[in-house]
Amino acid sequence: MVQRSSRAVIFTGAGVSTESGIPDFRSPGGFWTKYKPIEFKDFVASEETRLEAWRRFLMIRQTIVEASPGPGHAAIADLVSRGHVSHVITQNIDDLHERSGVPRERIIEIHGNGTYATCLACGLRHEIDWVKDVIAETERAPACTSCGGIVKSATISFGQAMPEQEMADARAATFNADLFISIGSSLQVFPAAGFPVMAKQNRTPLVIINREETGLDGLADLVINAEIGLAMTALTDRVARR
Ligand code: NAD
């Protein structure tokens with residue numbers, strides 16, 4: 001299927017980054033088994049909650065900064081460079097697709113990017129190291145240096161509006177796709193998991209690669225329950241030999 005495609009969309013979730021040492025959310029020992037997610041409305045409503053959210057974020061960020069792209073990222077970058085894949089739509093915020101060499105214009109981050117922060121009021125970019133320093137010095141959540149607004153990591157929290165441009169780009173890529181491959185997502189988080197559904201409604205073949213069952217296995221043309229590094233390396237080896 002990959003060999004025949006030239007406009008495949010690869011849709012990734014947290015599972016593609018676990019082999020890089022970044023825990024996913026739902027596996028045993030994953031982040032959510034330890035912490036209940038902080039909703040956007042609570043982040044906005046309370047400075048105390050913001051400080052707690054930032055402290056958690058800074059812990060995850062340390063893991064992300066120290067991580068390197070894994071075999072799954074490398075295989076995806078290889079398929080993009082061979083001309084089989086038009087876009088990588090990712091739910092991940094760890095920047096590892098870009099760091100693995102996928103060109104920026106082929107990556108659509110529908111849940112944002114965790115390598116920087118923005119002001120929710122004026123949009124000004126703030127660096128995470130600055131946030132870290134402010135918290136260390138003041139024990140308070142940071143405020144925008146320009147307008148005093150709330151500063152938040154450039155990621156999408158539960159209850160926060162999805163980014164319009166990225167959602168439009170992801171829809172366009174999905175409609176244009178000749179193959180849709182979901183890799184390392186439990187396909188439980190909507191609206192993100194709506195993209196494989198959309199692909200199927202458009203009669204695009206759907207492949208799901210995940211170690212365990214997902215919410216959309218019943219829709220797929222092919223389900224591969226395997227470790228991502230192993231499955232994707234086998235796939236790229238085969239594509240390379242043809
Ligand atoms: P999820 O945690 O719900 O699902 C991940 C899936 O990947 C699970 O079903 C798990 O069994 C599978 N998996 C994990 N490692 C695997 C491996 N090596 N091989 C095969 N399968 C493997 O993640 P999700 O669907 O992405 O949704 C969670 C949300 O959390 C997303 O919105 C995402 O933005 C966010 N998140 C991002 C990161 C990151 O940026 N790396 C990490 C955690 C969570």
# chains A, B, ... in the order shown; residues from 1 in each chain; ligands from 1
>>> residues_around(residues="segment 152-157 of chain A", least_positions_apart="6", cutoff="6 Å", atoms="only C-alpha atoms", output="list in words")
Phe40, His111, Gly112, Asn113, Gly114, Tyr116, Ala117 and Thr118 of chain A
>>> write_last_selection(atoms="C-alpha atoms", output="PDB file, in the first residue's frame")
ATOM      1  CA  PHE A  40      -7.974  25.047  30.059  1.00  0.00           C
ATOM      2  CA  HIS A 111      -2.089  19.930  19.619  1.00  0.00           C
ATOM      3  CA  GLY A 112       0.592  22.596  19.386  1.00  0.00           C
ATOM      4  CA  ASN A 113       4.284  22.591  20.203  1.00  0.00           C
ATOM      5  CA  GLY A 114       5.839  22.335  23.658  1.00  0.00           C
ATOM      6  CA  TYR A 116       7.904  27.494  23.519  1.00  0.00           C
ATOM      7  CA  ALA A 117       5.097  29.472  25.204  1.00  0.00           C
ATOM      8  CA  THR A 118       2.746  32.235  24.075  1.00  0.00           C
TER       9      THR A 118
END
>>> residues_near_ligand(ligand="ligand 1", cutoff="7 Å", atoms="only C-alpha atoms and all ligand atoms", output="JSON, numbers by chain")
{"A": [12, 13, 14, 15, 16, 17, 18, 19, 22, 23, 24, 25, 26, 27, 91, 92, 93, 94, 111, 184, 185, 186, 187, 188, 189, 209, 210, 211, 212, 213, 214, 226, 227, 228, 229]}
>>> write_last_selection(atoms="N, CA, C and O atoms", output="short mmCIF file (atom, residue, chain, number, x, y, z; two decimals), in the first residue's frame")
data_model
loop_
_atom_site.label_atom_id
_atom_site.label_comp_id
_atom_site.auth_asym_id
_atom_site.auth_seq_id
_atom_site.Cartn_x
_atom_site.Cartn_y
_atom_site.Cartn_z
N THR A 12 0.19 10.65 13.88
CA THR A 12 0.89 10.03 15.02
C THR A 12 0.35 10.50 16.36
O THR A 12 -0.15 11.61 16.52
N GLY A 13 0.50 9.59 17.34
CA GLY A 13 0.15 9.88 18.73
C GLY A 13 1.35 9.61 19.62
O GLY A 13 2.46 9.31 19.14
N ALA A 14 1.10 9.70 20.91
CA ALA A 14 2.18 9.62 21.89
C ALA A 14 3.01 8.33 21.77
O ALA A 14 4.18 8.30 22.11
N GLY A 15 2.41 7.25 21.22
CA GLY A 15 3.10 5.96 21.12
C GLY A 15 4.34 6.00 20.24
O GLY A 15 5.27 5.20 20.43
N VAL A 16 4.39 6.94 19.29
CA VAL A 16 5.55 6.98 18.39
C VAL A 16 6.77 7.52 19.15
O VAL A 16 7.92 7.32 18.71
N SER A 17 6.53 8.16 20.30
CA SER A 17 7.65 8.76 21.05
C SER A 17 8.04 7.98 22.30
O SER A 17 8.98 8.36 22.99
N THR A 18 7.33 6.88 22.61
CA THR A 18 7.69 6.15 23.84
C THR A 18 9.07 5.49 23.70
O THR A 18 9.80 5.36 24.67
N GLU A 19 9.43 5.12 22.46
CA GLU A 19 10.76 4.50 22.27
C GLU A 19 11.87 5.55 22.36
O GLU A 19 13.04 5.21 22.38
N ILE A 22 9.78 9.17 26.03
CA ILE A 22 8.72 10.09 26.47
C ILE A 22 7.47 9.25 26.74
O ILE A 22 6.95 8.61 25.82
N PRO A 23 7.00 9.21 28.00
CA PRO A 23 5.85 8.34 28.29
C PRO A 23 4.60 8.78 27.55
O PRO A 23 4.42 9.98 27.29
N ASP A 24 3.75 7.82 27.17
CA ASP A 24 2.45 8.21 26.59
C ASP A 24 1.48 8.49 27.74
O ASP A 24 1.87 8.47 28.91
N PHE A 25 0.24 8.76 27.41
CA PHE A 25 -0.70 9.16 28.44
C PHE A 25 -1.46 7.99 29.03
O PHE A 25 -1.78 7.98 30.20
N ARG A 26 -1.77 7.01 28.20
CA ARG A 26 -2.74 6.02 28.68
C ARG A 26 -2.16 4.66 29.04
O ARG A 26 -2.84 3.86 29.65
N SER A 27 -0.92 4.36 28.65
CA SER A 27 -0.35 3.06 29.02
C SER A 27 -0.14 3.03 30.54
O SER A 27 -0.01 4.08 31.16
N GLN A 91 -0.32 14.52 16.98
CA GLN A 91 -0.91 15.01 18.23
C GLN A 91 0.20 15.33 19.23
O GLN A 91 -0.06 15.85 20.30
N ASN A 92 1.44 14.99 18.86
CA ASN A 92 2.54 15.16 19.81
C ASN A 92 3.04 16.60 19.83
O ASN A 92 2.96 17.31 18.83
N ILE A 93 3.58 16.96 20.96
CA ILE A 93 4.05 18.33 21.17
C ILE A 93 5.57 18.36 21.31
O ILE A 93 6.15 19.36 21.72
N ASP A 94 6.22 17.21 21.01
CA ASP A 94 7.63 17.06 21.38
C ASP A 94 8.62 17.47 20.29
O ASP A 94 9.82 17.40 20.50
N HIS A 111 -2.02 19.63 18.19
CA HIS A 111 -2.09 19.93 19.62
C HIS A 111 -0.97 20.88 20.05
O HIS A 111 -0.62 20.95 21.22
N GLY A 184 0.62 4.71 16.74
CA GLY A 184 0.85 5.03 18.16
C GLY A 184 -0.16 5.97 18.77
O GLY A 184 0.19 6.80 19.59
N SER A 185 -1.42 5.82 18.39
CA SER A 185 -2.47 6.60 19.03
C SER A 185 -3.58 5.67 19.49
O SER A 185 -3.96 4.75 18.77
N SER A 186 -4.08 5.93 20.69
CA SER A 186 -5.21 5.11 21.19
C SER A 186 -6.50 5.50 20.47
O SER A 186 -7.51 4.84 20.63
N LEU A 187 -6.46 6.58 19.71
CA LEU A 187 -7.61 7.08 18.93
C LEU A 187 -8.84 7.27 19.82
O LEU A 187 -9.95 6.91 19.47
N GLN A 188 -8.57 7.86 20.97
CA GLN A 188 -9.66 8.14 21.92
C GLN A 188 -9.88 9.63 22.10
O GLN A 188 -10.85 10.04 22.71
N VAL A 189 -8.89 10.45 21.65
CA VAL A 189 -8.98 11.89 21.87
C VAL A 189 -9.57 12.55 20.63
O VAL A 189 -8.98 12.52 19.56
N ILE A 209 -1.44 1.22 13.21
CA ILE A 209 -0.32 0.49 13.82
C ILE A 209 -0.25 0.91 15.28
O ILE A 209 -0.04 2.09 15.60
N ASN A 210 -0.45 -0.04 16.18
CA ASN A 210 -0.47 0.25 17.61
C ASN A 210 -0.28 -1.06 18.36
O ASN A 210 -0.70 -2.11 17.89
N ARG A 211 0.34 -0.98 19.54
CA ARG A 211 0.60 -2.25 20.25
C ARG A 211 -0.69 -2.87 20.80
O ARG A 211 -0.80 -4.07 20.95
N GLU A 212 -1.68 -2.03 21.08
CA GLU A 212 -2.94 -2.56 21.63
C GLU A 212 -4.11 -2.09 20.77
O GLU A 212 -3.94 -1.28 19.86
N GLU A 213 -5.29 -2.59 21.11
CA GLU A 213 -6.50 -2.18 20.38
C GLU A 213 -6.69 -0.68 20.43
O GLU A 213 -6.30 -0.05 21.41
N THR A 214 -7.32 -0.11 19.41
CA THR A 214 -7.68 1.32 19.46
C THR A 214 -9.19 1.45 19.31
O THR A 214 -9.87 0.47 18.97
N ALA A 226 1.72 -4.19 16.94
CA ALA A 226 3.15 -4.48 17.09
C ALA A 226 3.84 -3.27 17.69
O ALA A 226 3.24 -2.19 17.80
N GLU A 227 5.10 -3.47 18.08
CA GLU A 227 5.90 -2.33 18.52
C GLU A 227 6.22 -1.46 17.29
O GLU A 227 6.54 -1.98 16.21
N ILE A 228 6.14 -0.15 17.48
CA ILE A 228 6.25 0.75 16.33
C ILE A 228 7.62 0.69 15.66
O ILE A 228 7.71 0.63 14.43
N GLY A 229 8.69 0.69 16.46
CA GLY A 229 10.04 0.68 15.88
C GLY A 229 10.22 -0.53 14.97
O GLY A 229 10.69 -0.41 13.82
#
>>> closest_residue(among="A:Ser86, A:Ser182, A:Gln165, A:Gln160", to="Ser5 of chain A", atoms="only C-alpha atoms")
A:Ser86
>>> closest_residue(among="A:Ala77, A:Val131, A:Val102, A:Val2", to="Leu51 of chain A", atoms="only C-alpha atoms")
A:Val131
>>> closest_residue(among="A:Leu96, A:Met162, A:Val80, A:Ile89", to="Val65 of chain A", atoms="only C-alpha atoms")
A:Leu96
>>> residues_around(residues="Ile135 of chain A", least_positions_apart="6", cutoff="10 Å", atoms="only C-alpha atoms", output="count of residues only")
6
>>> closest_atom_pairs(of="segment 184-207 of chain A", to="segment 218-221 of chain A", cutoff="9 Å", atoms="only C-alpha atoms", output="Markdown table")
| residue | atom | partner | partner_atom | distance |
| --- | --- | --- | --- | --- |
| A:Pro196 | CA | A:Ala220 | CA | 8.8 |
| A:Val197 | CA | A:Leu219 | CA | 7.7 |
| A:Lys200 | CA | A:Leu219 | CA | 7.4 |
| A:Pro205 | CA | A:Asp221 | CA | 6.1 |
| A:Leu206 | CA | A:Ala220 | CA | 5.0 |
| A:Val207 | CA | A:Ala220 | CA | 5.7 |
>>> select_by_dssp(residues="segment 12-202 of chain A", states="strand (DSSP E or B)", output="JSON, numbers by chain")
{"A": [12, 85, 86, 87, 88, 89, 90, 107, 108, 109, 112, 113, 114, 115, 116, 117, 118, 119, 125, 126, 127, 143, 150, 151, 152, 153, 154, 155, 179, 180, 181, 182, 183]}
>>> write_last_selection(atoms="C-alpha atoms", output="short mmCIF file (atom, residue, chain, number, x, y, z; two decimals), in the first residue's frame")
data_model
loop_
_atom_site.label_atom_id
_atom_site.label_comp_id
_atom_site.auth_asym_id
_atom_site.auth_seq_id
_atom_site.Cartn_x
_atom_site.Cartn_y
_atom_site.Cartn_z
CA THR A 12 0.89 10.03 15.02
CA VAL A 85 3.92 10.77 2.29
CA SER A 86 2.41 14.23 1.81
CA HIS A 87 1.93 15.17 5.48
CA VAL A 88 2.55 14.02 9.03
CA ILE A 89 -0.35 15.07 11.25
CA THR A 90 0.77 14.77 14.85
CA ILE A 107 4.25 18.57 9.65
CA ILE A 108 0.85 19.59 11.05
CA GLU A 109 0.83 19.90 14.85
CA GLY A 112 0.59 22.60 19.39
CA ASN A 113 4.28 22.59 20.20
CA GLY A 114 5.84 22.33 23.66
CA THR A 115 9.18 23.96 22.87
CA TYR A 116 7.90 27.49 23.52
CA ALA A 117 5.10 29.47 25.20
CA THR A 118 2.75 32.24 24.07
CA CYS A 119 0.66 34.96 25.70
CA ARG A 125 6.15 34.25 22.09
CA HIS A 126 8.02 33.56 25.31
CA GLU A 127 10.83 31.06 25.78
CA ALA A 143 2.72 37.01 33.02
CA ILE A 150 -1.53 34.83 30.88
CA VAL A 151 1.43 32.91 29.44
CA LYS A 152 0.82 29.27 28.48
CA SER A 153 2.90 26.63 26.73
CA ALA A 154 2.04 26.65 23.01
CA THR A 155 0.15 23.37 23.43
CA LEU A 179 -3.56 6.25 2.21
CA PHE A 180 -4.00 7.11 5.90
CA ILE A 181 -1.78 5.47 8.52
CA SER A 182 -2.36 6.02 12.25
CA ILE A 183 0.69 5.19 14.35
#
>>> atom_distance(atom1="atom CA of Lys132 of chain A", atom2="atom CA of Leu58 of chain A")
7.5 Å
